[in-house]
$ cat target.cif   # mmCIF, C-alpha atoms and all ligand atoms
data_structure
loop_
_atom_site.group_PDB
_atom_site.id
_atom_site.type_symbol
_atom_site.label_atom_id
_atom_site.label_comp_id
_atom_site.auth_asym_id
_atom_site.auth_seq_id
_atom_site.Cartn_x
_atom_site.Cartn_y
_atom_site.Cartn_z
ATOM 1 C CA ASN N 810 12.217 -8.154 -3.004
ATOM 2 C CA LEU N 811 9.955 -5.629 -4.727
ATOM 3 C CA LEU N 812 12.687 -3.239 -5.889
ATOM 4 C CA PRO N 813 13.803 -2.249 -8.420
ATOM 5 C CA TYR N 814 10.318 -1.560 -9.799
ATOM 6 C CA GLN N 815 9.716 -0.028 -13.200
ATOM 7 C CA PHE N 816 6.664 1.887 -14.376
ATOM 8 C CA VAL N 817 5.495 4.070 -17.238
ATOM 9 C CA GLY N 818 2.741 6.621 -16.891
ATOM 10 C CA GLU N 819 1.345 10.033 -17.619
ATOM 11 C CA VAL N 820 1.927 13.192 -15.597
ATOM 12 C CA VAL N 821 -1.344 14.547 -14.215
ATOM 13 C CA ARG N 822 -2.253 17.686 -12.317
ATOM 14 C CA GLY N 823 -2.117 17.611 -8.568
ATOM 15 C CA PHE N 824 -3.333 20.395 -6.335
ATOM 16 C CA GLY N 825 -0.253 22.553 -6.661
ATOM 17 C CA ARG N 826 -0.053 21.971 -2.946
ATOM 18 C CA GLY N 827 3.419 22.560 -1.575
ATOM 19 C CA GLY N 828 5.467 21.387 -4.544
ATOM 20 C CA LYS N 829 6.676 24.465 -6.327
ATOM 21 C CA GLU N 830 6.329 26.741 -3.299
ATOM 22 C CA LEU N 831 8.689 24.439 -1.430
ATOM 23 C CA GLY N 832 11.107 24.609 -4.336
ATOM 24 C CA CYS N 833 10.342 20.992 -5.035
ATOM 25 C CA PRO N 834 7.782 20.454 -7.795
ATOM 26 C CA THR N 835 6.528 16.878 -7.994
ATOM 27 C CA ALA N 836 5.199 15.297 -11.153
ATOM 28 C CA ASN N 837 2.090 13.390 -10.091
ATOM 29 C CA MET N 838 1.536 10.097 -11.892
ATOM 30 C CA ASP N 839 -1.776 8.893 -13.307
ATOM 31 C CA GLY N 840 -4.034 6.413 -11.531
ATOM 32 C CA THR N 841 -2.853 3.436 -13.539
ATOM 33 C CA VAL N 842 0.625 3.837 -12.074
ATOM 34 C CA VAL N 843 -0.751 4.362 -8.570
ATOM 35 C CA ASN N 844 -2.996 1.313 -8.749
ATOM 36 C CA GLY N 845 -0.340 -0.826 -10.397
ATOM 37 C CA LEU N 846 2.214 -0.508 -7.587
ATOM 38 C CA PRO N 847 3.145 -3.775 -5.910
ATOM 39 C CA GLU N 848 0.840 -4.303 -2.936
ATOM 40 C CA GLY N 849 3.633 -4.723 -0.446
ATOM 41 C CA LEU N 850 5.411 -1.471 -1.311
ATOM 42 C CA PRO N 851 5.013 0.772 1.733
ATOM 43 C CA VAL N 852 4.201 4.471 1.610
ATOM 44 C CA GLY N 853 7.297 6.608 1.978
ATOM 45 C CA VAL N 854 10.039 8.390 0.096
ATOM 46 C CA TYR N 855 12.088 6.569 -2.539
ATOM 47 C CA PHE N 856 14.884 7.302 -5.000
ATOM 48 C CA GLY N 857 15.470 6.153 -8.536
ATOM 49 C CA THR N 858 15.652 7.381 -12.092
ATOM 50 C CA ALA N 859 13.100 8.784 -14.511
ATOM 51 C CA LYS N 860 13.122 9.429 -18.226
ATOM 52 C CA LEU N 861 11.392 12.386 -19.851
ATOM 53 C CA ASP N 862 11.640 13.214 -23.563
ATOM 54 C CA GLY N 863 14.472 10.707 -23.974
ATOM 55 C CA LYS N 864 16.534 12.228 -21.188
ATOM 56 C CA SER N 865 17.278 10.495 -17.900
ATOM 57 C CA TYR N 866 17.225 12.166 -14.494
ATOM 58 C CA LYS N 867 17.801 11.024 -10.977
ATOM 59 C CA MET N 868 14.627 11.411 -8.981
ATOM 60 C CA ALA N 869 13.234 11.397 -5.468
ATOM 61 C CA MET N 870 9.619 10.335 -5.145
ATOM 62 C CA SER N 871 6.892 9.815 -2.620
ATOM 63 C CA ILE N 872 4.169 7.240 -2.363
ATOM 64 C CA GLY N 873 1.554 8.616 -0.033
ATOM 65 C CA TRP N 874 -2.020 9.413 0.811
ATOM 66 C CA ASN N 875 -3.513 12.666 -0.376
ATOM 67 C CA PRO N 876 -5.093 14.730 2.425
ATOM 68 C CA GLN N 877 -7.294 16.513 -0.159
ATOM 69 C CA TYR N 878 -9.203 13.259 -0.592
ATOM 70 C CA GLN N 879 -9.451 12.492 3.135
ATOM 71 C CA ASN N 880 -6.386 10.283 2.625
ATOM 72 C CA GLU N 881 -8.433 7.882 0.520
ATOM 73 C CA LYS N 882 -6.472 8.460 -2.614
ATOM 74 C CA LYS N 883 -2.892 7.306 -2.976
ATOM 75 C CA THR N 884 -0.501 9.506 -4.915
ATOM 76 C CA VAL N 885 2.821 8.848 -6.602
ATOM 77 C CA GLU N 886 4.877 12.035 -7.074
ATOM 78 C CA LEU N 887 8.340 12.392 -8.586
ATOM 79 C CA HIS N 888 10.826 15.232 -8.298
ATOM 80 C CA LEU N 889 13.259 15.164 -11.224
ATOM 81 C CA ILE N 890 16.647 16.289 -9.970
ATOM 82 C CA ASP N 891 18.375 18.949 -12.072
ATOM 83 C CA TYR N 892 15.434 19.255 -14.482
ATOM 84 C CA SER N 893 14.869 22.912 -15.129
ATOM 85 C CA GLY N 894 12.584 23.142 -18.131
ATOM 86 C CA SER N 895 8.955 24.079 -18.496
ATOM 87 C CA ASP N 896 6.008 22.119 -17.113
ATOM 88 C CA PHE N 897 5.391 18.727 -18.659
ATOM 89 C CA TYR N 898 1.799 17.911 -17.726
ATOM 90 C CA GLY N 899 0.364 15.221 -19.976
ATOM 91 C CA LYS N 900 3.736 13.802 -20.925
ATOM 92 C CA THR N 901 4.837 10.232 -20.417
ATOM 93 C CA LEU N 902 7.436 9.389 -17.793
ATOM 94 C CA SER N 903 9.175 6.057 -17.471
ATOM 95 C CA ALA N 904 10.837 5.445 -14.160
ATOM 96 C CA VAL N 905 12.627 2.908 -12.035
ATOM 97 C CA ILE N 906 12.252 2.935 -8.257
ATOM 98 C CA ILE N 907 15.602 1.786 -6.915
ATOM 99 C CA GLY N 908 15.554 2.170 -3.164
ATOM 100 C CA PHE N 909 13.699 3.258 -0.060
ATOM 101 C CA ILE N 910 14.793 6.466 1.705
ATOM 102 C CA ARG N 911 12.391 6.961 4.628
ATOM 103 C CA GLU N 912 8.888 6.597 5.915
ATOM 104 C CA MET N 913 6.324 9.348 5.526
ATOM 105 C CA LYS N 914 5.940 11.600 8.503
ATOM 106 C CA SER N 915 4.450 14.967 9.335
ATOM 107 C CA PHE N 916 6.806 17.732 10.351
ATOM 108 C CA GLU N 917 6.581 20.307 13.108
ATOM 109 C CA SER N 918 7.491 23.179 10.838
ATOM 110 C CA LEU N 919 7.957 24.142 7.228
ATOM 111 C CA ASP N 920 11.701 24.428 7.881
ATOM 112 C CA GLU N 921 11.876 20.838 9.106
ATOM 113 C CA LEU N 922 9.977 19.663 6.063
ATOM 114 C CA LYS N 923 12.293 21.620 3.792
ATOM 115 C CA SER N 924 15.439 20.166 5.321
ATOM 116 C CA ALA N 925 13.981 16.653 5.111
ATOM 117 C CA ILE N 926 13.322 17.205 1.408
ATOM 118 C CA ALA N 927 16.858 18.541 0.945
ATOM 119 C CA MET N 928 18.218 15.404 2.599
ATOM 120 C CA ASP N 929 15.990 13.173 0.438
ATOM 121 C CA ILE N 930 17.354 14.834 -2.676
ATOM 122 C CA LYS N 931 20.913 14.395 -1.434
ATOM 123 C CA VAL N 932 20.294 10.695 -0.941
ATOM 124 C CA ALA N 933 18.613 10.410 -4.341
ATOM 125 C CA ARG N 934 21.581 12.122 -5.999
ATOM 126 C CA ARG N 935 23.977 9.636 -4.472
ATOM 127 C CA GLY N 936 21.673 6.792 -5.304
ATOM 128 C CA SER N 937 22.154 5.091 -1.976
ATOM 129 C CA VAL N 938 20.651 5.410 1.471
ATOM 130 C CA GLU N 939 23.791 4.188 3.243
ATOM 131 C CA GLN N 940 25.989 6.942 1.858
ATOM 132 C CA GLY N 941 23.263 9.497 2.460
ATOM 133 C CA LYS N 942 23.325 8.817 6.179
ATOM 134 C CA LEU N 943 26.857 10.176 6.551
HETATM 135 P P1 LIG G 1 1.000 19.587 -9.002
HETATM 136 O O1 LIG G 1 0.252 19.668 -7.716
HETATM 137 O O2 LIG G 1 0.144 19.876 -10.204
HETATM 138 O O3 LIG G 1 1.725 18.285 -9.131
HETATM 139 P P2 LIG G 1 3.559 20.829 -8.403
HETATM 140 O O4 LIG G 1 3.755 22.121 -7.667
HETATM 141 O O5 LIG G 1 3.888 19.578 -7.646
HETATM 142 O O6 LIG G 1 2.072 20.800 -8.931
HETATM 143 O O7 LIG G 1 4.402 20.923 -9.734
HETATM 144 C C1 LIG G 1 4.516 19.775 -10.544
HETATM 145 C C2 LIG G 1 4.727 20.076 -12.016
HETATM 146 O O8 LIG G 1 5.869 20.914 -12.194
HETATM 147 C C3 LIG G 1 5.044 18.804 -12.779
HETATM 148 O O9 LIG G 1 3.871 18.144 -13.212
HETATM 149 C C4 LIG G 1 5.870 19.311 -13.947
HETATM 150 O O10 LIG G 1 5.044 19.637 -15.046
HETATM 151 C C5 LIG G 1 6.530 20.579 -13.412
HETATM 152 N N1 LIG G 1 7.962 20.443 -13.063
HETATM 153 C C6 LIG G 1 8.903 21.380 -13.335
HETATM 154 N N2 LIG G 1 10.116 21.018 -12.892
HETATM 155 C C7 LIG G 1 9.951 19.788 -12.301
HETATM 156 C C8 LIG G 1 10.858 18.874 -11.655
HETATM 157 N N3 LIG G 1 12.180 19.160 -11.532
HETATM 158 N N4 LIG G 1 10.363 17.708 -11.179
HETATM 159 C C9 LIG G 1 9.041 17.426 -11.298
HETATM 160 N N5 LIG G 1 8.134 18.238 -11.901
HETATM 161 C C10 LIG G 1 8.571 19.431 -12.411
HETATM 162 MG MG MG G 2 2.994 17.514 -7.539
#
$ encode --input "target.cif" --output "C-alpha cells"
Amino acid sequence: NLLPYQFVGEVVRGFGRGGKELGCPTANMDGTVVNGLPEGLPVGVYFGTAKLDGKSYKMAMSIGWNPQYQNEKKTVELHLIDYSGSDFYGKTLSAVIIGFIREMKSFESLDELKSAIAMDIKVARRGSVEQGKL
C-alpha cells in the first residue's frame, strides 16, 4: 500500500480562500511535495502527523484540485490540530500521511462543509477512520 507516506516541504501562500474564515487554516505545501506524491494516491481528505519547529501535531489534510487554476493545479493543504501560534509561511514542515478519511466532495451549504471539516478533525484526532465513524 501507499500509506504511510512521509514528506518534507515548505509552507507556501494559498489564496486565503476559506481556510481561516472557516476556522480551519490550511498550510499549503510547495510544488515539490505536490508533484512528489505517489501517483496512485487519490484526491481526498487524510489524517496523519506533522512536525513544525520540532513540535509534533496531529493533522488533517486534503489533496485536491485548486479551482483558482481551473482545477489544473493540485494542492496539498494541512490543518495542524491544536496549533495556535502565529503564521508560519516559509517554514519547513515534515509530515506523515497515515490514513484516508474521505473523498473530496462539494457541499450544498457552508454549514455542511463546516460539519464535514469538524468530523474530519475528530477522525484525525483519534487517528483512525473506524473509530471516527461511531
Ligand atoms: P492560505 O490560503 O495562504 O493557505 P489559510 O487561510 O489556509 O491561507 O491559512 C493558512 C496559514 O495559516 C498557514 O500557512 C499558516 O501559516 C497559518 N496557520 C495558523 N494556524 C494554523 C493551523 N492550525 N494549521 C495550519 N496552518 C495554520
Ligand atoms: Mg491554506
$ resolve_selection --input "target.cif" --expression "the PyMOL selection byres (((not hetatm)) within 6 of (chain G and resi 2))" --output "PyMOL selection string"
chain N and resi 823+828+834-837+886
$ closest_atom_pairs --input "target.cif" --of "chain N" --to "ligand LIG 1 (chain G)" --cutoff "6 Å" --atoms "only C-alpha atoms and all ligand atoms" --output "CSV"
residue,atom,partner,partner_atom,distance
N:Val820,CA,G:LIG1,O9,5.8
N:Arg822,CA,G:LIG1,O2,3.9
N:Gly823,CA,G:LIG1,O1,3.3
N:Phe824,CA,G:LIG1,O1,3.9
N:Gly825,CA,G:LIG1,O1,3.1
N:Arg826,CA,G:LIG1,O1,5.3
N:Gly828,CA,G:LIG1,O4,3.6
N:Lys829,CA,G:LIG1,O4,4.0
N:Pro834,CA,G:LIG1,O7,3.9
N:Thr835,CA,G:LIG1,O5,3.8
N:Ala836,CA,G:LIG1,O9,3.8
N:Asn837,CA,G:LIG1,O3,5.0
N:Leu887,CA,G:LIG1,C9,5.8
N:His888,CA,G:LIG1,N4,3.8
N:Leu889,CA,G:LIG1,N4,3.9
N:Ile890,CA,G:LIG1,N3,5.5
N:Tyr892,CA,G:LIG1,N3,4.4
N:Ser893,CA,G:LIG1,N2,5.6
N:Ser895,CA,G:LIG1,C6,5.8
N:Asp896,CA,G:LIG1,O10,3.4
N:Phe897,CA,G:LIG1,O10,3.7
N:Tyr898,CA,G:LIG1,O10,4.5
$ write_last_selection --input "target.cif" --atoms "C-alpha atoms" --output "mmCIF file, in the frame of the given file"
data_model
loop_
_atom_site.group_PDB
_atom_site.id
_atom_site.type_symbol
_atom_site.label_atom_id
_atom_site.label_comp_id
_atom_site.auth_asym_id
_atom_site.auth_seq_id
_atom_site.Cartn_x
_atom_site.Cartn_y
_atom_site.Cartn_z
ATOM 1 C CA VAL N 820 1.927 13.192 -15.597
ATOM 2 C CA ARG N 822 -2.253 17.686 -12.317
ATOM 3 C CA GLY N 823 -2.117 17.611 -8.568
ATOM 4 C CA PHE N 824 -3.333 20.395 -6.335
ATOM 5 C CA GLY N 825 -0.253 22.553 -6.661
ATOM 6 C CA ARG N 826 -0.053 21.971 -2.946
ATOM 7 C CA GLY N 828 5.467 21.387 -4.544
ATOM 8 C CA LYS N 829 6.676 24.465 -6.327
ATOM 9 C CA PRO N 834 7.782 20.454 -7.795
ATOM 10 C CA THR N 835 6.528 16.878 -7.994
ATOM 11 C CA ALA N 836 5.199 15.297 -11.153
ATOM 12 C CA ASN N 837 2.090 13.390 -10.091
ATOM 13 C CA LEU N 887 8.340 12.392 -8.586
ATOM 14 C CA HIS N 888 10.826 15.232 -8.298
ATOM 15 C CA LEU N 889 13.259 15.164 -11.224
ATOM 16 C CA ILE N 890 16.647 16.289 -9.970
ATOM 17 C CA TYR N 892 15.434 19.255 -14.482
ATOM 18 C CA SER N 893 14.869 22.912 -15.129
ATOM 19 C CA SER N 895 8.955 24.079 -18.496
ATOM 20 C CA ASP N 896 6.008 22.119 -17.113
ATOM 21 C CA PHE N 897 5.391 18.727 -18.659
ATOM 22 C CA TYR N 898 1.799 17.911 -17.726
#
$ resolve_selection --input "target.cif" --expression "the PyMOL selection byres (((chain N and resi 855-859) around 10) and not hetatm)" --output "number ranges by chain"
N: 813-817, 852-854, 860-861, 863-872, 887-890, 902-912, 929-938
$ write_last_selection --input "target.cif" --atoms "C-alpha atoms" --output "PDB file, in the frame of the given file"
ATOM      1  CA  PRO N 813      13.803  -2.249  -8.420  1.00  0.00           C
ATOM      2  CA  TYR N 814      10.318  -1.560  -9.799  1.00  0.00           C
ATOM      3  CA  GLN N 815       9.716  -0.028 -13.200  1.00  0.00           C
ATOM      4  CA  PHE N 816       6.664   1.887 -14.376  1.00  0.00           C
ATOM      5  CA  VAL N 817       5.495   4.070 -17.238  1.00  0.00           C
ATOM      6  CA  VAL N 852       4.201   4.471   1.610  1.00  0.00           C
ATOM      7  CA  GLY N 853       7.297   6.608   1.978  1.00  0.00           C
ATOM      8  CA  VAL N 854      10.039   8.390   0.096  1.00  0.00           C
ATOM      9  CA  LYS N 860      13.122   9.429 -18.226  1.00  0.00           C
ATOM     10  CA  LEU N 861      11.392  12.386 -19.851  1.00  0.00           C
ATOM     11  CA  GLY N 863      14.472  10.707 -23.974  1.00  0.00           C
ATOM     12  CA  LYS N 864      16.534  12.228 -21.188  1.00  0.00           C
ATOM     13  CA  SER N 865      17.278  10.495 -17.900  1.00  0.00           C
ATOM     14  CA  TYR N 866      17.225  12.166 -14.494  1.00  0.00           C
ATOM     15  CA  LYS N 867      17.801  11.024 -10.977  1.00  0.00           C
ATOM     16  CA  MET N 868      14.627  11.411  -8.981  1.00  0.00           C
ATOM     17  CA  ALA N 869      13.234  11.397  -5.468  1.00  0.00           C
ATOM     18  CA  MET N 870       9.619  10.335  -5.145  1.00  0.00           C
ATOM     19  CA  SER N 871       6.892   9.815  -2.620  1.00  0.00           C
ATOM     20  CA  ILE N 872       4.169   7.240  -2.363  1.00  0.00           C
ATOM     21  CA  LEU N 887       8.340  12.392  -8.586  1.00  0.00           C
ATOM     22  CA  HIS N 888      10.826  15.232  -8.298  1.00  0.00           C
ATOM     23  CA  LEU N 889      13.259  15.164 -11.224  1.00  0.00           C
ATOM     24  CA  ILE N 890      16.647  16.289  -9.970  1.00  0.00           C
ATOM     25  CA  LEU N 902       7.436   9.389 -17.793  1.00  0.00           C
ATOM     26  CA  SER N 903       9.175   6.057 -17.471  1.00  0.00           C
ATOM     27  CA  ALA N 904      10.837   5.445 -14.160  1.00  0.00           C
ATOM     28  CA  VAL N 905      12.627   2.908 -12.035  1.00  0.00           C
ATOM     29  CA  ILE N 906      12.252   2.935  -8.257  1.00  0.00           C
ATOM     30  CA  ILE N 907      15.602   1.786  -6.915  1.00  0.00           C
ATOM     31  CA  GLY N 908      15.554   2.170  -3.164  1.00  0.00           C
ATOM     32  CA  PHE N 909      13.699   3.258  -0.060  1.00  0.00           C
ATOM     33  CA  ILE N 910      14.793   6.466   1.705  1.00  0.00           C
ATOM     34  CA  ARG N 911      12.391   6.961   4.628  1.00  0.00           C
ATOM     35  CA  GLU N 912       8.888   6.597   5.915  1.00  0.00           C
ATOM     36  CA  ASP N 929      15.990  13.173   0.438  1.00  0.00           C
ATOM     37  CA  ILE N 930      17.354  14.834  -2.676  1.00  0.00           C
ATOM     38  CA  LYS N 931      20.913  14.395  -1.434  1.00  0.00           C
ATOM     39  CA  VAL N 932      20.294  10.695  -0.941  1.00  0.00           C
ATOM     40  CA  ALA N 933      18.613  10.410  -4.341  1.00  0.00           C
ATOM     41  CA  ARG N 934      21.581  12.122  -5.999  1.00  0.00           C
ATOM     42  CA  ARG N 935      23.977   9.636  -4.472  1.00  0.00           C
ATOM     43  CA  GLY N 936      21.673   6.792  -5.304  1.00  0.00           C
ATOM     44  CA  SER N 937      22.154   5.091  -1.976  1.00  0.00           C
ATOM     45  CA  VAL N 938      20.651   5.410   1.471  1.00  0.00           C
TER      46      VAL N 938
END
$ atom_distance --input "target.cif" --atom1 "CA of Val821 in chain N" --atom2 "CA of Gly894 in chain N"
16.8 Å
$ resolve_selection --input "target.cif" --expression "the PyMOL selection byres (((chain N and resi 874) around 10) and not hetatm)" --output "list in words"
Val852, Gly853, Ser871, Ile872, Gly873, Asn875, Pro876, Gln877, Tyr878, Gln879, Asn880, Glu881, Lys882, Lys883, Thr884, Val885 and Met913 of chain N
